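Source file: run-v2.cif (mmCIF, C-alpha atoms; chains and numbers go by the auth columns)
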```
data_model
#
loop_
_atom_site.group_PDB
_atom_site.id
_atom_site.type_symbol
_atom_site.label_atom_id
_atom_site.label_comp_id
_atom_site.label_asym_id
_atom_site.label_seq_id
_atom_site.Cartn_x
_atom_site.Cartn_y
_atom_site.Cartn_z
_atom_site.B_iso_or_equiv
_atom_site.auth_seq_id
_atom_site.auth_asym_id
ATOM 1 C CA MET A 1 1.608 41.765 -34.520 0.00 9 Q
ATOM 2 C CA ARG A 2 3.131 39.193 -36.857 0.00 10 Q
ATOM 3 C CA VAL A 3 3.883 36.938 -33.883 0.00 11 Q
ATOM 4 C CA LEU A 4 0.324 37.297 -32.592 0.00 12 Q
ATOM 5 C CA ALA A 5 -1.096 36.586 -36.029 0.00 13 Q
ATOM 6 C CA ALA A 6 1.112 33.525 -36.387 0.00 14 Q
ATOM 7 C CA GLY A 7 0.087 32.305 -32.943 0.00 15 Q
ATOM 8 C CA ALA A 8 -3.582 32.763 -33.770 0.00 16 Q
ATOM 9 C CA GLY A 9 -3.098 30.859 -36.995 0.00 17 Q
ATOM 10 C CA VAL A 10 -1.424 27.955 -35.204 0.00 18 Q
ATOM 11 C CA ALA A 11 -4.180 27.906 -32.589 0.00 19 Q
ATOM 12 C CA ALA A 12 -6.878 27.903 -35.282 0.00 20 Q
ATOM 13 C CA ALA A 13 -5.149 25.088 -37.160 0.00 21 Q
ATOM 14 C CA ALA A 14 -4.800 23.039 -33.975 0.00 22 Q
ATOM 15 C CA TYR A 15 -8.468 23.592 -33.145 0.00 23 Q
ATOM 16 C CA ALA A 16 -9.548 22.558 -36.628 0.00 24 Q
ATOM 17 C CA ALA A 17 -7.386 19.437 -36.469 0.00 25 Q
ATOM 18 C CA TYR A 18 -8.747 18.463 -33.053 0.00 26 Q
ATOM 19 C CA ALA A 19 -12.331 19.021 -34.201 0.00 27 Q
ATOM 20 C CA GLY A 20 -11.746 16.954 -37.330 0.00 28 Q
ATOM 21 C CA VAL A 21 -10.278 14.052 -35.403 0.00 29 Q
ATOM 22 C CA THR A 22 -13.148 14.262 -32.881 0.00 30 Q
ATOM 23 C CA TRP A 23 -15.735 14.106 -35.678 0.00 31 Q
ATOM 24 C CA TYR A 24 -13.964 11.133 -37.275 0.00 32 Q
ATOM 25 C CA ARG A 25 -13.661 9.214 -33.988 0.00 33 Q
ATOM 26 C CA TYR A 26 -17.234 9.818 -32.890 0.00 34 Q
ATOM 27 C CA GLY A 27 -18.701 6.570 -31.603 0.00 35 Q
ATOM 28 C CA HIS A 28 -15.299 4.927 -31.192 0.00 36 Q
ATOM 29 C CA VAL A 29 -14.734 5.386 -27.462 0.00 37 Q
ATOM 30 C CA PRO A 30 -11.385 4.431 -25.892 0.00 38 Q
ATOM 31 C CA ARG A 31 -11.443 1.498 -23.499 0.00 39 Q
ATOM 32 C CA ALA A 32 -11.131 2.474 -19.837 0.00 40 Q
ATOM 33 C CA GLU A 33 -8.024 1.356 -17.979 0.00 41 Q
ATOM 34 C CA ALA A 34 -8.552 -0.919 -14.974 0.00 42 Q
ATOM 35 C CA ASP A 35 -8.332 1.941 -12.456 0.00 43 Q
ATOM 36 C CA GLU A 36 -10.631 4.149 -14.570 0.00 44 Q
ATOM 37 C CA ARG A 37 -13.573 1.742 -14.657 0.00 45 Q
ATOM 38 C CA ASP A 38 -16.636 3.145 -12.977 0.00 46 Q
ATOM 39 C CA GLU A 39 -19.311 0.638 -11.993 0.00 47 Q
ATOM 40 C CA LEU A 40 -21.537 3.349 -10.515 0.00 48 Q
ATOM 41 C CA LEU A 41 -21.555 5.331 -13.756 0.00 49 Q
ATOM 42 C CA ASP A 42 -22.092 2.110 -15.720 0.00 50 Q
ATOM 43 C CA ARG A 43 -25.456 1.700 -13.983 0.00 51 Q
ATOM 44 C CA PHE A 44 -26.772 4.785 -15.740 0.00 52 Q
ATOM 45 C CA MET A 45 -24.862 4.800 -19.032 0.00 53 Q
ATOM 46 C CA PRO A 46 -23.180 1.493 -19.897 0.00 54 Q
ATOM 47 C CA ASP A 47 -23.139 2.402 -23.600 0.00 55 Q
ATOM 48 C CA TYR A 48 -22.026 5.784 -24.902 0.00 56 Q
ATOM 49 C CA GLU A 49 -20.735 7.473 -28.042 0.00 57 Q
ATOM 50 C CA VAL A 50 -18.291 9.996 -26.599 0.00 58 Q
ATOM 51 C CA VAL A 51 -16.269 10.065 -23.406 0.00 59 Q
ATOM 52 C CA GLU A 52 -13.869 12.451 -21.672 0.00 60 Q
ATOM 53 C CA ARG A 53 -11.699 11.158 -18.806 0.00 61 Q
ATOM 54 C CA HIS A 54 -9.306 13.252 -16.705 0.00 62 Q
ATOM 55 C CA SER A 55 -7.446 12.576 -13.460 0.00 63 Q
ATOM 56 C CA ILE A 56 -4.822 14.011 -11.116 0.00 64 Q
ATOM 57 C CA ARG A 57 -2.968 12.781 -8.037 0.00 65 Q
ATOM 58 C CA VAL A 58 -3.768 14.807 -4.884 0.00 66 Q
ATOM 59 C CA ALA A 59 -1.951 14.874 -1.527 0.00 67 Q
ATOM 60 C CA ALA A 60 -5.219 14.929 0.423 0.00 68 Q
ATOM 61 C CA PRO A 61 -7.691 12.329 1.701 0.00 69 Q
ATOM 62 C CA ALA A 62 -10.401 11.274 -0.752 0.00 70 Q
ATOM 63 C CA ALA A 63 -13.238 12.925 1.209 0.00 71 Q
ATOM 64 C CA LEU A 64 -11.480 16.307 1.224 0.00 72 Q
ATOM 65 C CA THR A 65 -10.638 15.981 -2.456 0.00 73 Q
ATOM 66 C CA LEU A 66 -14.243 15.246 -3.386 0.00 74 Q
ATOM 67 C CA ALA A 67 -15.506 18.119 -1.232 0.00 75 Q
ATOM 68 C CA ALA A 68 -13.113 20.505 -2.976 0.00 76 Q
ATOM 69 C CA ALA A 69 -14.266 19.192 -6.368 0.00 77 Q
ATOM 70 C CA ARG A 70 -17.955 19.696 -5.735 0.00 78 Q
ATOM 71 C CA GLU A 71 -17.343 23.189 -4.319 0.00 79 Q
ATOM 72 C CA GLN A 72 -14.912 24.523 -6.928 0.00 80 Q
ATOM 73 C CA ASP A 73 -15.759 27.723 -8.792 0.00 81 Q
ATOM 74 C CA LEU A 74 -14.694 27.184 -12.396 0.00 82 Q
ATOM 75 C CA LEU A 75 -15.805 30.647 -13.503 0.00 83 Q
ATOM 76 C CA ARG A 76 -13.030 32.194 -11.416 0.00 84 Q
ATOM 77 C CA LEU A 77 -10.645 30.891 -14.064 0.00 85 Q
ATOM 78 C CA PRO A 78 -10.311 33.585 -16.781 0.00 86 Q
ATOM 79 C CA LEU A 79 -9.768 31.100 -19.611 0.00 87 Q
ATOM 80 C CA VAL A 80 -12.877 29.126 -18.622 0.00 88 Q
ATOM 81 C CA ARG A 81 -14.931 32.325 -18.747 0.00 89 Q
ATOM 82 C CA ALA A 82 -13.447 33.051 -22.169 0.00 90 Q
ATOM 83 C CA ILE A 83 -14.416 29.589 -23.454 0.00 91 Q
ATOM 84 C CA PHE A 84 -18.018 30.018 -22.321 0.00 92 Q
ATOM 85 C CA LYS A 85 -18.124 33.487 -23.889 0.00 93 Q
ATOM 86 C CA ALA A 86 -16.726 32.137 -27.152 0.00 94 Q
ATOM 87 C CA ARG A 87 -19.456 29.478 -27.299 0.00 95 Q
ATOM 88 C CA GLU A 88 -22.098 32.104 -26.555 0.00 96 Q
ATOM 89 C CA MET A 89 -20.882 34.292 -29.404 0.00 97 Q
ATOM 90 C CA ALA A 90 -20.378 31.441 -31.880 0.00 98 Q
ATOM 91 C CA MET A 91 -23.840 29.971 -31.222 0.00 99 Q
ATOM 92 C CA GLY A 92 -25.650 33.319 -31.023 0.00 100 Q
ATOM 93 C CA ALA A 93 -26.862 32.551 -27.503 0.00 101 Q
ATOM 94 C CA ALA A 94 -28.530 35.129 -25.298 0.00 102 Q
ATOM 95 C CA PRO A 95 -26.427 35.923 -22.185 0.00 103 Q
ATOM 96 C CA ASP A 96 -27.630 34.255 -18.993 0.00 104 Q
ATOM 97 C CA ASP A 97 -27.408 36.983 -16.356 0.00 105 Q
ATOM 98 C CA ARG A 98 -29.322 35.120 -13.656 0.00 106 Q
ATOM 99 C CA ALA A 99 -27.575 34.746 -10.306 0.00 107 Q
ATOM 100 C CA ARG A 100 -26.139 31.248 -9.881 0.00 108 Q
ATOM 101 C CA PRO A 101 -24.456 29.458 -6.974 0.00 109 Q
ATOM 102 C CA GLN A 102 -20.674 29.653 -7.236 0.00 110 Q
ATOM 103 C CA GLN A 103 -19.992 26.068 -6.172 0.00 111 Q
ATOM 104 C CA LEU A 104 -19.822 23.626 -9.079 0.00 112 Q
ATOM 105 C CA LEU A 105 -22.386 21.022 -8.041 0.00 113 Q
ATOM 106 C CA ALA A 106 -24.923 23.561 -6.798 0.00 114 Q
ATOM 107 C CA GLU A 107 -24.477 25.625 -9.974 0.00 115 Q
ATOM 108 C CA MET A 108 -25.029 22.590 -12.204 0.00 116 Q
ATOM 109 C CA GLN A 109 -28.175 21.676 -10.277 0.00 117 Q
ATOM 110 C CA SER A 110 -29.480 25.224 -10.711 0.00 118 Q
ATOM 111 C CA LEU A 111 -29.048 24.744 -14.476 0.00 119 Q
ATOM 112 C CA GLY A 112 -31.187 21.587 -14.438 0.00 120 Q
ATOM 113 C CA TRP A 113 -28.713 18.763 -13.819 0.00 121 Q
ATOM 114 C CA GLY A 114 -29.693 16.106 -11.286 0.00 122 Q
ATOM 115 C CA VAL A 115 -27.667 13.874 -8.962 0.00 123 Q
ATOM 116 C CA LEU A 116 -28.186 10.270 -10.075 0.00 124 Q
ATOM 117 C CA ALA A 117 -26.162 8.582 -7.342 0.00 125 Q
ATOM 118 C CA GLU A 118 -23.682 9.392 -4.611 0.00 126 Q
ATOM 119 C CA VAL A 119 -21.202 7.476 -2.483 0.00 127 Q
ATOM 120 C CA PRO A 120 -20.418 9.897 0.366 0.00 128 Q
ATOM 121 C CA GLY A 121 -16.817 11.019 0.338 0.00 129 Q
ATOM 122 C CA ARG A 122 -16.030 9.017 -2.810 0.00 130 Q
ATOM 123 C CA GLU A 123 -18.166 9.795 -5.867 0.00 131 Q
ATOM 124 C CA ILE A 124 -21.094 11.762 -7.294 0.00 132 Q
ATOM 125 C CA VAL A 125 -22.800 10.909 -10.595 0.00 133 Q
ATOM 126 C CA VAL A 126 -24.724 13.743 -12.279 0.00 134 Q
ATOM 127 C CA GLY A 127 -26.918 13.520 -15.364 0.00 135 Q
ATOM 128 C CA ALA A 128 -29.362 15.311 -17.640 0.00 136 Q
ATOM 129 C CA VAL A 129 -30.987 15.075 -21.055 0.00 137 Q
ATOM 130 C CA THR A 130 -30.623 18.003 -23.413 0.00 138 Q
ATOM 131 C CA LYS A 131 -30.241 19.313 -26.959 0.00 139 Q
ATOM 132 C CA PRO A 132 -26.714 20.765 -26.738 0.00 140 Q
ATOM 133 C CA TRP A 133 -26.741 22.114 -30.295 0.00 141 Q
ATOM 134 C CA GLU A 134 -29.337 24.731 -29.339 0.00 142 Q
ATOM 135 C CA PRO A 135 -27.919 28.223 -28.685 0.00 143 Q
ATOM 136 C CA ASN A 136 -29.433 28.448 -25.192 0.00 144 Q
ATOM 137 C CA VAL A 137 -29.202 24.933 -23.847 0.00 145 Q
ATOM 138 C CA THR A 138 -31.809 23.606 -21.432 0.00 146 Q
ATOM 139 C CA PHE A 139 -30.936 20.687 -19.172 0.00 147 Q
ATOM 140 C CA HIS A 140 -33.631 18.349 -17.849 0.00 148 Q
ATOM 141 C CA SER A 141 -32.980 16.094 -14.881 0.00 149 Q
ATOM 142 C CA LEU A 142 -34.573 12.660 -14.619 0.00 150 Q
ATOM 143 C CA PRO A 143 -35.199 10.338 -11.682 0.00 151 Q
ATOM 144 C CA SER A 144 -32.244 7.997 -11.374 0.00 152 Q
ATOM 145 C CA GLU A 145 -34.405 4.925 -12.032 0.00 153 Q
ATOM 146 C CA LYS A 146 -35.558 6.380 -15.397 0.00 154 Q
ATOM 147 C CA PHE A 147 -32.277 7.767 -16.725 0.00 155 Q
ATOM 148 C CA ALA A 148 -30.810 4.614 -18.287 0.00 156 Q
ATOM 149 C CA ALA A 149 -34.027 3.758 -20.159 0.00 157 Q
ATOM 150 C CA PHE A 150 -34.718 7.272 -21.494 0.00 158 Q
ATOM 151 C CA CYS A 151 -34.968 7.132 -25.289 0.00 159 Q
ATOM 152 C CA GLN A 152 -37.179 10.038 -26.406 0.00 160 Q
ATOM 153 C CA PRO A 153 -36.009 11.002 -29.922 0.00 161 Q
ATOM 154 C CA GLY A 154 -34.058 14.185 -30.524 0.00 162 Q
ATOM 155 C CA PHE A 155 -32.121 14.304 -27.259 0.00 163 Q
ATOM 156 C CA VAL A 156 -28.684 13.554 -25.877 0.00 164 Q
ATOM 157 C CA LYS A 157 -28.175 11.892 -22.509 0.00 165 Q
ATOM 158 C CA ILE A 158 -25.127 13.143 -20.627 0.00 166 Q
ATOM 159 C CA ALA A 159 -23.722 11.800 -17.367 0.00 167 Q
ATOM 160 C CA TRP A 160 -20.570 12.937 -15.581 0.00 168 Q
ATOM 161 C CA THR A 161 -18.792 12.161 -12.356 0.00 169 Q
ATOM 162 C CA LEU A 162 -16.725 13.685 -9.608 0.00 170 Q
ATOM 163 C CA ARG A 163 -14.749 10.844 -8.032 0.00 171 Q
ATOM 164 C CA ALA A 164 -11.926 10.520 -5.503 0.00 172 Q
ATOM 165 C CA ASP A 165 -10.144 7.177 -5.148 0.00 173 Q
ATOM 166 C CA PRO A 166 -8.150 6.848 -1.894 0.00 174 Q
ATOM 167 C CA ILE A 167 -4.444 6.081 -2.000 0.00 175 Q
ATOM 168 C CA GLY A 168 -3.606 5.414 1.623 0.00 176 Q
ATOM 169 C CA GLN A 169 -4.843 7.748 4.348 0.00 177 Q
ATOM 170 C CA ASN A 170 -3.565 11.089 3.119 0.00 178 Q
ATOM 171 C CA SER A 171 -3.627 10.977 -0.671 0.00 179 Q
ATOM 172 C CA SER A 172 -6.083 10.229 -3.444 0.00 180 Q
ATOM 173 C CA THR A 173 -6.624 10.318 -7.173 0.00 181 Q
ATOM 174 C CA PHE A 174 -9.304 12.684 -8.410 0.00 182 Q
ATOM 175 C CA ARG A 175 -11.136 11.529 -11.532 0.00 183 Q
ATOM 176 C CA THR A 176 -13.833 13.082 -13.659 0.00 184 Q
ATOM 177 C CA GLU A 177 -15.533 11.303 -16.542 0.00 185 Q
ATOM 178 C CA THR A 178 -18.185 12.563 -18.954 0.00 186 Q
ATOM 179 C CA ARG A 179 -20.241 10.263 -21.186 0.00 187 Q
ATOM 180 C CA ALA A 180 -22.853 11.156 -23.801 0.00 188 Q
ATOM 181 C CA LEU A 181 -25.297 9.210 -25.964 0.00 189 Q
ATOM 182 C CA ALA A 182 -27.739 10.460 -28.599 0.00 190 Q
ATOM 183 C CA THR A 183 -31.206 8.900 -28.447 0.00 191 Q
ATOM 184 C CA ASP A 184 -31.868 8.585 -32.196 0.00 192 Q
ATOM 185 C CA PRO A 185 -30.150 8.965 -35.607 0.00 193 Q
ATOM 186 C CA THR A 186 -31.248 12.584 -36.093 0.00 194 Q
ATOM 187 C CA GLY A 187 -29.964 13.559 -32.661 0.00 195 Q
ATOM 188 C CA ARG A 188 -26.745 11.693 -33.413 0.00 196 Q
ATOM 189 C CA ILE A 189 -26.134 13.704 -36.603 0.00 197 Q
ATOM 190 C CA LEU A 190 -26.725 16.999 -34.806 0.00 198 Q
ATOM 191 C CA PHE A 191 -24.712 16.030 -31.757 0.00 199 Q
ATOM 192 C CA ARG A 192 -21.771 14.693 -33.743 0.00 200 Q
ATOM 193 C CA ARG A 193 -21.477 18.033 -35.508 0.00 201 Q
ATOM 194 C CA TYR A 194 -21.815 19.951 -32.241 0.00 202 Q
ATOM 195 C CA TRP A 195 -19.373 17.708 -30.378 0.00 203 Q
ATOM 196 C CA ALA A 196 -16.712 18.224 -33.028 0.00 204 Q
ATOM 197 C CA PHE A 197 -17.149 21.993 -32.570 0.00 205 Q
ATOM 198 C CA ALA A 198 -17.393 22.071 -28.757 0.00 206 Q
ATOM 199 C CA SER A 199 -15.207 19.211 -27.519 0.00 207 Q
ATOM 200 C CA PRO A 200 -11.875 21.125 -27.640 0.00 208 Q
ATOM 201 C CA GLY A 201 -13.286 23.731 -25.228 0.00 209 Q
ATOM 202 C CA ILE A 202 -14.930 21.107 -23.017 0.00 210 Q
ATOM 203 C CA ALA A 203 -11.725 19.090 -22.744 0.00 211 Q
ATOM 204 C CA LEU A 204 -9.740 22.257 -21.993 0.00 212 Q
ATOM 205 C CA ILE A 205 -12.126 23.242 -19.181 0.00 213 Q
ATOM 206 C CA ARG A 206 -11.737 19.796 -17.599 0.00 214 Q
ATOM 207 C CA TRP A 207 -7.958 20.044 -17.827 0.00 215 Q
ATOM 208 C CA LEU A 208 -7.828 23.600 -16.504 0.00 216 Q
ATOM 209 C CA SER A 209 -9.855 22.623 -13.431 0.00 217 Q
ATOM 210 C CA LEU A 210 -7.434 19.932 -12.232 0.00 218 Q
ATOM 211 C CA ARG A 211 -4.540 21.995 -10.852 0.00 219 Q
ATOM 212 C CA PRO A 212 -6.694 24.513 -8.930 0.00 220 Q
ATOM 213 C CA LEU A 213 -8.668 21.600 -7.513 0.00 221 Q
ATOM 214 C CA ARG A 214 -5.480 19.901 -6.326 0.00 222 Q
ATOM 215 C CA ARG A 215 -4.236 23.127 -4.716 0.00 223 Q
ATOM 216 C CA GLU A 216 -7.550 23.632 -2.919 0.00 224 Q
ATOM 217 C CA ALA A 217 -7.750 20.043 -1.629 0.00 225 Q
ATOM 218 C CA GLU A 218 -4.125 20.073 -0.464 0.00 226 Q
ATOM 219 C CA TYR A 219 -4.617 23.444 1.215 0.00 227 Q
ATOM 220 C CA ARG A 220 -7.647 22.079 3.084 0.00 228 Q
ATOM 221 C CA ALA A 221 -5.759 18.960 4.109 0.00 229 Q
ATOM 222 C CA CYS A 222 -2.819 20.975 5.399 0.00 230 Q
ATOM 223 C CA THR A 223 -4.880 23.436 7.415 0.00 231 Q
ATOM 224 C CA GLU A 224 -7.085 20.681 8.841 0.00 232 Q
ATOM 225 C CA PHE A 225 -4.390 18.264 9.956 0.00 233 Q
ATOM 226 C CA VAL A 226 -1.433 20.518 10.793 0.00 234 Q
ATOM 227 C CA ASP A 227 -1.362 22.115 14.237 0.00 235 Q
ATOM 228 C CA GLU A 228 -1.509 25.900 14.566 0.00 236 Q
ATOM 229 C CA PRO A 229 2.240 26.622 15.010 0.00 237 Q
ATOM 230 C CA HIS A 230 3.041 24.788 11.786 0.00 238 Q
ATOM 231 C CA ARG A 231 0.260 26.107 9.573 0.00 239 Q
ATOM 232 C CA ARG A 232 2.571 28.755 8.166 0.00 240 Q
ATOM 233 C CA THR A 233 4.198 25.905 6.225 0.00 241 Q
ATOM 234 C CA CYS A 234 0.921 25.277 4.360 0.00 242 Q
ATOM 235 C CA PRO A 235 0.583 26.667 0.841 0.00 243 Q
ATOM 236 C CA SER A 236 -1.036 30.050 0.446 0.00 244 Q
ATOM 237 C CA SER A 237 -4.808 30.128 0.318 0.00 245 Q
ATOM 238 C CA PRO A 238 -5.867 29.252 -3.241 0.00 246 Q
ATOM 239 C CA SER A 239 -8.938 31.479 -3.048 0.00 247 Q
ATOM 240 C CA ALA A 240 -8.164 33.005 -6.444 0.00 248 Q
ATOM 241 C CA LEU A 241 -7.897 29.526 -7.990 0.00 249 Q
ATOM 242 C CA LEU A 242 -5.955 30.712 -10.990 0.00 250 Q
ATOM 243 C CA VAL A 243 -3.812 28.426 -13.124 0.00 251 Q
#
```

Is it possible to express this structure as structure tokens?
Amino acid sequence: MRVLAAGAGVAAAAYAAYAGVTWYRYGHVPRAEADERDELLDRFMPDYEVVERHSIRVAAPAALTLAAAREQDLLRLPLVRAIFKAREMAMGAAPDDRARPQQLLAEMQSLGWGVLAEVPGREIVVGAVTKPWEPNVTFHSLPSEKFAAFCQPGFVKIAWTLRADPIGQNSSTFRTETRALATDPTGRILFRRYWAFASPGIALIRWLSLRPLRREAEYRACTEFVDEPHRRTCPSSPSALLV
């Protein structure tokens, strides 16, 4: 029990430190490296106040990697479910028991997100406007031609990507980037406070999704391109998708 208590204390201190640094750095976004730059995303949100970028190398073609990304089921990961439950309890949100698609992109669209742009087999840009500090968040999609100019007070614009950059024929780099921008000073105050609270969980979800995604994409690549007698050398089916 003492070990568990000490571990919980360390975790709480780390969370508080991360949240404090996030609050302090709000509005000071890190510059993207050359290979991280995203001209498609820039069309919809060239300026932003927070950003999360994550990537992983995958031994699979870009098209297969992107397909695996858009079809992944994050809620099959126990820690992801725990993070969502923790937010629900902390914010006093009512549970959402409605049936949702299990695939990531379809699930996000059922919640109100809209696809802003897509390059088949390479990248998808998704966006919505919302008030994330509300206990039960509602996402509103906008036509792609209206997203960049949206400035109604009291909202936050959020855009995120699923992107696969090819590295030769049989490998790729998967990237995901999330950007957010408050539409007025009041929204900025509320969102800065919320982002400091929520960003550790959001970053952890992004990180937790990378390894299962890589396993799924590499499994698909192996079973698609290896002939039947040699398929036993492929990794086991990652249907459980557990880290």

Exactly which residues make up the result of the PyMOL selection byres ((chain Q and resi 141) around 8) on this file, given as a tab-separated table (two decimals) with C-alpha atoms, in the coordinates of the input?
```tsv
chain	number	residue	atom	x	y	z
Q	139	LYS	CA	-30.24	19.31	-26.96
Q	140	PRO	CA	-26.71	20.76	-26.74
Q	142	GLU	CA	-29.34	24.73	-29.34
Q	143	PRO	CA	-27.92	28.22	-28.68
Q	145	VAL	CA	-29.20	24.93	-23.85
Q	198	LEU	CA	-26.72	17.00	-34.81
Q	199	PHE	CA	-24.71	16.03	-31.76
Q	202	TYR	CA	-21.82	19.95	-32.24
```

Picked residues, the PyMOL selection byres ((chain Q and resi 177-186) around 7), expected as a list in words: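 Matching residues under the PyMOL selection byres ((chain Q and resi 177-186) around 7) are Val59, Glu60, Arg61, His62, Ser63, Ile64, Arg65, Val66, Ala67, Ala68, Pro69, Ala70, Thr73, Ala167, Trp168, Thr169, Leu170, Arg171, Ala172, Asp173, Pro174, Ile175, Gly176, Arg187 and Ala188 of chain Q.
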
Distance of CA of Leu74 (chain Q) from CA of Ala229 (chain Q), expressed in Å to one decimal place: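 The value is 11.9 Å.
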
Length of the CA of Phe147 (chain Q) to CA of Ala27 (chain Q) vector [Å]: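 Atom-to-atom, CA of Phe147 (chain Q) to CA of Ala27 (chain Q), that is 24.0 Å.
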
Fewer than 5 positions away in the same chain doesn't count, so skip those; otherwise give me all residues within 9 Å of region 96-110 of chain Q, counting only C-alpha atoms, as a JSON list (two decimals) with C-alpha atoms, in the frame of the given file.
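This went into out.json:
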```json
[["chain", "number", "residue", "atom", "x", "y", "z"],
["Q", 79, "GLU", "CA", -17.34, 23.19, -4.32],
["Q", 80, "GLN", "CA", -14.91, 24.52, -6.93],
["Q", 81, "ASP", "CA", -15.76, 27.72, -8.79],
["Q", 82, "LEU", "CA", -14.69, 27.18, -12.40],
["Q", 83, "LEU", "CA", -15.80, 30.65, -13.50],
["Q", 91, "ILE", "CA", -14.42, 29.59, -23.45],
["Q", 115, "GLU", "CA", -24.48, 25.62, -9.97],
["Q", 116, "MET", "CA", -25.03, 22.59, -12.20],
["Q", 118, "SER", "CA", -29.48, 25.22, -10.71],
["Q", 119, "LEU", "CA", -29.05, 24.74, -14.48],
["Q", 141, "TRP", "CA", -26.74, 22.11, -30.30],
["Q", 142, "GLU", "CA", -29.34, 24.73, -29.34],
["Q", 143, "PRO", "CA", -27.92, 28.22, -28.68],
["Q", 144, "ASN", "CA", -29.43, 28.45, -25.19],
["Q", 145, "VAL", "CA", -29.20, 24.93, -23.85]]
```

Residue nearest Phe205 (chain Q) among Q:Ala157, Q:Ala24, Q:Ala77, Q:Val133 (counting all atoms listed in the file):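 Comparing Q:Ala157, Q:Ala24, Q:Ala77, Q:Val133 against Phe205 (chain Q), the winner is Q:Ala24.
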
Separation of CA of Val123 (chain Q) from CA of Ser152 (chain Q), in Å and rounded to one decimal: 7.8 Å

Distance criterion (only C-alpha atoms): nearest to Pro193 (chain Q) out of Q:Val164, Q:Asp43, Q:Gly209, Q:Arg33: Q:Val164

Nearest to Pro54 (chain Q), chosen from Q:Gly195, Q:Val37, Q:Val88, Q:Trp203, with all atoms listed in the file counted in the distances: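 Selected residue with least distance to Pro54 (chain Q): Q:Val37.
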
Phe163 (chain Q) environment, 7 Å, all atoms listed in the file, sequence neighbours closer than 2 positions dropped, as a PyMOL selection string: chain Q and resi 137-139+160-161+165+190-191+195

Output, as lines of an AutoDock Vina configuration file, the centre and edge lengths in Å (one decimal) of the axis-aligned box that contains all listed atoms of region 71-75 of chain Q with 3 Å of margin on each side.
```
center_x = -13.1
center_y = 15.5
center_z = -1.1
size_x = 10.9
size_y = 11.2
size_z = 10.6
```

Counting all atoms listed in the file, the residue of Q:Ala76, Q:Thr231, Q:Gly135, Q:Arg200 that sits nearest Leu218 (chain Q): Q:Ala76

Q:Lys154, Q:Arg78, Q:Arg84, Q:Lys93 ranked by distance to Leu216 (chain Q), top pick (using only C-alpha atoms):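 Closest to Leu216 (chain Q) of all the choices is Q:Arg84.
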
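Among the candidates Q:Arg89, Q:Leu72, Q:Glu226, Q:Leu150, the residue lying nearest to Gly129 (chain Q) is Q:Leu72 (atoms considered: only C-alpha atoms).
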
Neighbour list for Gly122 (chain Q) as a ChimeraX atom specification, cut-off 6 Å, all atoms listed in the file, skip fewer than 5 positions in-chain: /Q:117,134-135,149
